[in-house]
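Engineer: Attaching a single structure in structure tokens format; questions to follow.
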Amino acid sequence: MRLECGKGSMEKRGFAATFTDLLLALTGCLFILSASVVLVLNIRVIYYHDMDALHLTEEVDLTKEQIRENYDALIDYNLFWTGEDTLQFPDFPMSENGRIHFAEVRRIFIALQYLMLGSAAVFFIGEWGKLRRGSRRSLKLTAILSIALPLAAGAMIAANWEAFFVGFHHVMFSNDYWLFDPATDPVILILPDAFFLHCAVWILAFVLVGSMLCMSGYCLCNLKQENRRIR
């Protein structure tokens, strides 16, 4: 397998990835994915835009400011650094099944946040060590493996978003508490499927950006080594 970026690199003769290269690349993929999810979770303007685009004020008898306050309460609950371990919506009642589901979602998001921090430490320290020794294979591998995710997920989303959405919930949850009844959990009225679709698209876009940054870093390192050889 000969994937080259620039000429004159010692690695252009082959791409024999070692076990540590693969392990570091997988760690990099985990970092890119978890960071993309956490980033989208924190970019609240995505939801604020959808409040108007999806006409959410027509779904509930609340103002935009009230809808925003309820959404912010949900996001704060899912961030470990806010210290919010109890979910209380300002304007919506919540069933016991709804409370259980939101607690399960919170555990997933908290795990992703810790995964982001842990994988970032391992990936950047490991990559720094690799680059110091003149090895860049893991950086290229990270870029290649990372781009496979948005391509595969993007194809499934484009083919059938509803099937992807339902399948995702079946994989992530062992119950059907995510099937909200608006009569008992009216908060679902301000969390339409279209909003989650937009979030999925943004996550895939950030994963793609992460992959491109890794490949750019690989190419830049190759060019620097080539320049040193010429001199």
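Ordering of the structure tokens sets the chain letters (A, B, ...); residue numbers start at 1 within each chain; ligands are numbered from 1 in the order shown.
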Within 10 Å of A:Asp21, counting only C-alpha atoms, which residues show up once you throw out same-chain ones fewer than 5 positions away? Write them as a list in words, please.

Structural biologist: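 Listed by chain and then number, they are Ala16, Leu26, Thr27, Gly126, Glu127, Lys130, Ser135, Arg136, Arg137, Ser138, Leu139, Lys140, Leu141 and Thr142 of chain A.
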
Engineer: Pull C-alpha atoms from the residues just selected and write them as a compact mmCIF listing (two decimals), in the first residue's frame.

Structural biologist:
```
# COMPACT_ATOMS: atom_id res chain seq x y z
CA ALA A 16 4.22 -1.01 6.83
CA LEU A 26 -7.47 4.04 16.56
CA THR A 27 -6.96 6.30 19.58
CA GLY A 126 2.02 9.41 21.40
CA GLU A 127 2.03 11.30 18.11
CA LYS A 130 6.35 9.28 16.91
CA SER A 135 7.56 8.27 12.02
CA ARG A 136 4.38 9.70 10.52
CA ARG A 137 2.52 6.50 9.57
CA SER A 138 0.10 6.74 12.51
CA LEU A 139 -0.88 10.26 11.48
CA LYS A 140 -1.76 9.11 7.97
CA LEU A 141 -3.56 6.04 9.34
CA THR A 142 -5.65 8.26 11.60
```

Engineer: Can you list, as a list in words, every protein, DNA or RNA residue that comes within 12 Å of A:Arg132 when you count only C-alpha atoms, leaving out same-chain residues fewer than 6 positions away?

Structural biologist: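 My list of contacting residues is Ile125, Gly126, Cys221 and Gln225 of chain A.
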
Engineer: Find the residue from A:Tyr71, A:Phe165, A:Trp178, A:Phe109 that sits nearest to A:Asp193; use only C-alpha atoms when measuring.

Structural biologist: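 For A:Asp193, the nearest of the candidates is A:Phe165.
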
Engineer: A:Phe196, A:Asn222, A:Val122, A:Gly154: which is nearest A:Gly28, counting only C-alpha atoms?

Structural biologist: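 Checking each of A:Phe196, A:Asn222, A:Val122, A:Gly154 against A:Gly28, counting only C-alpha atoms, the winner is A:Val122.
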
Engineer: For a test of reading the model, state the distance in Å between atom CA of A:Tyr77 and atom CA of A:Ala153, rounded to one decimal.

Structural biologist: 27.3 Å

Engineer: Please provide as a PyMOL selection string all residues within 10 Å of A:Asp185, with the sequence filter that same-chain residues fewer than 4 positions apart are discarded (counting only C-alpha atoms).

Structural biologist: chain A and resi 92-99+179-181+189

Engineer: Here is a test: counting only C-alpha atoms, which residue of A:Ser36, A:Ser216, A:Arg68, A:Arg106 is nearest to A:Thr86?

Structural biologist: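 Nearest to A:Thr86: A:Arg106.
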
Engineer: Could you tell me which of A:Ala183, A:Cys219, A:Ala200, A:Ile190 comes closest to A:Thr63 if we count only C-alpha atoms?

Structural biologist: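 Checking each candidate against A:Thr63, we get A:Ile190 as the closest.
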
Engineer: If we count only C-alpha atoms and set the cut-off at 10 Å, which residues sit around A:Glu162, ignoring sequence neighbours fewer than 4 positions away in its own chain? Please answer as a list in words.

Structural biologist: Met156, Ile157, Ala158, Val166, Gly167, Phe168, Asp193, Ala194 and Leu197 of chain A
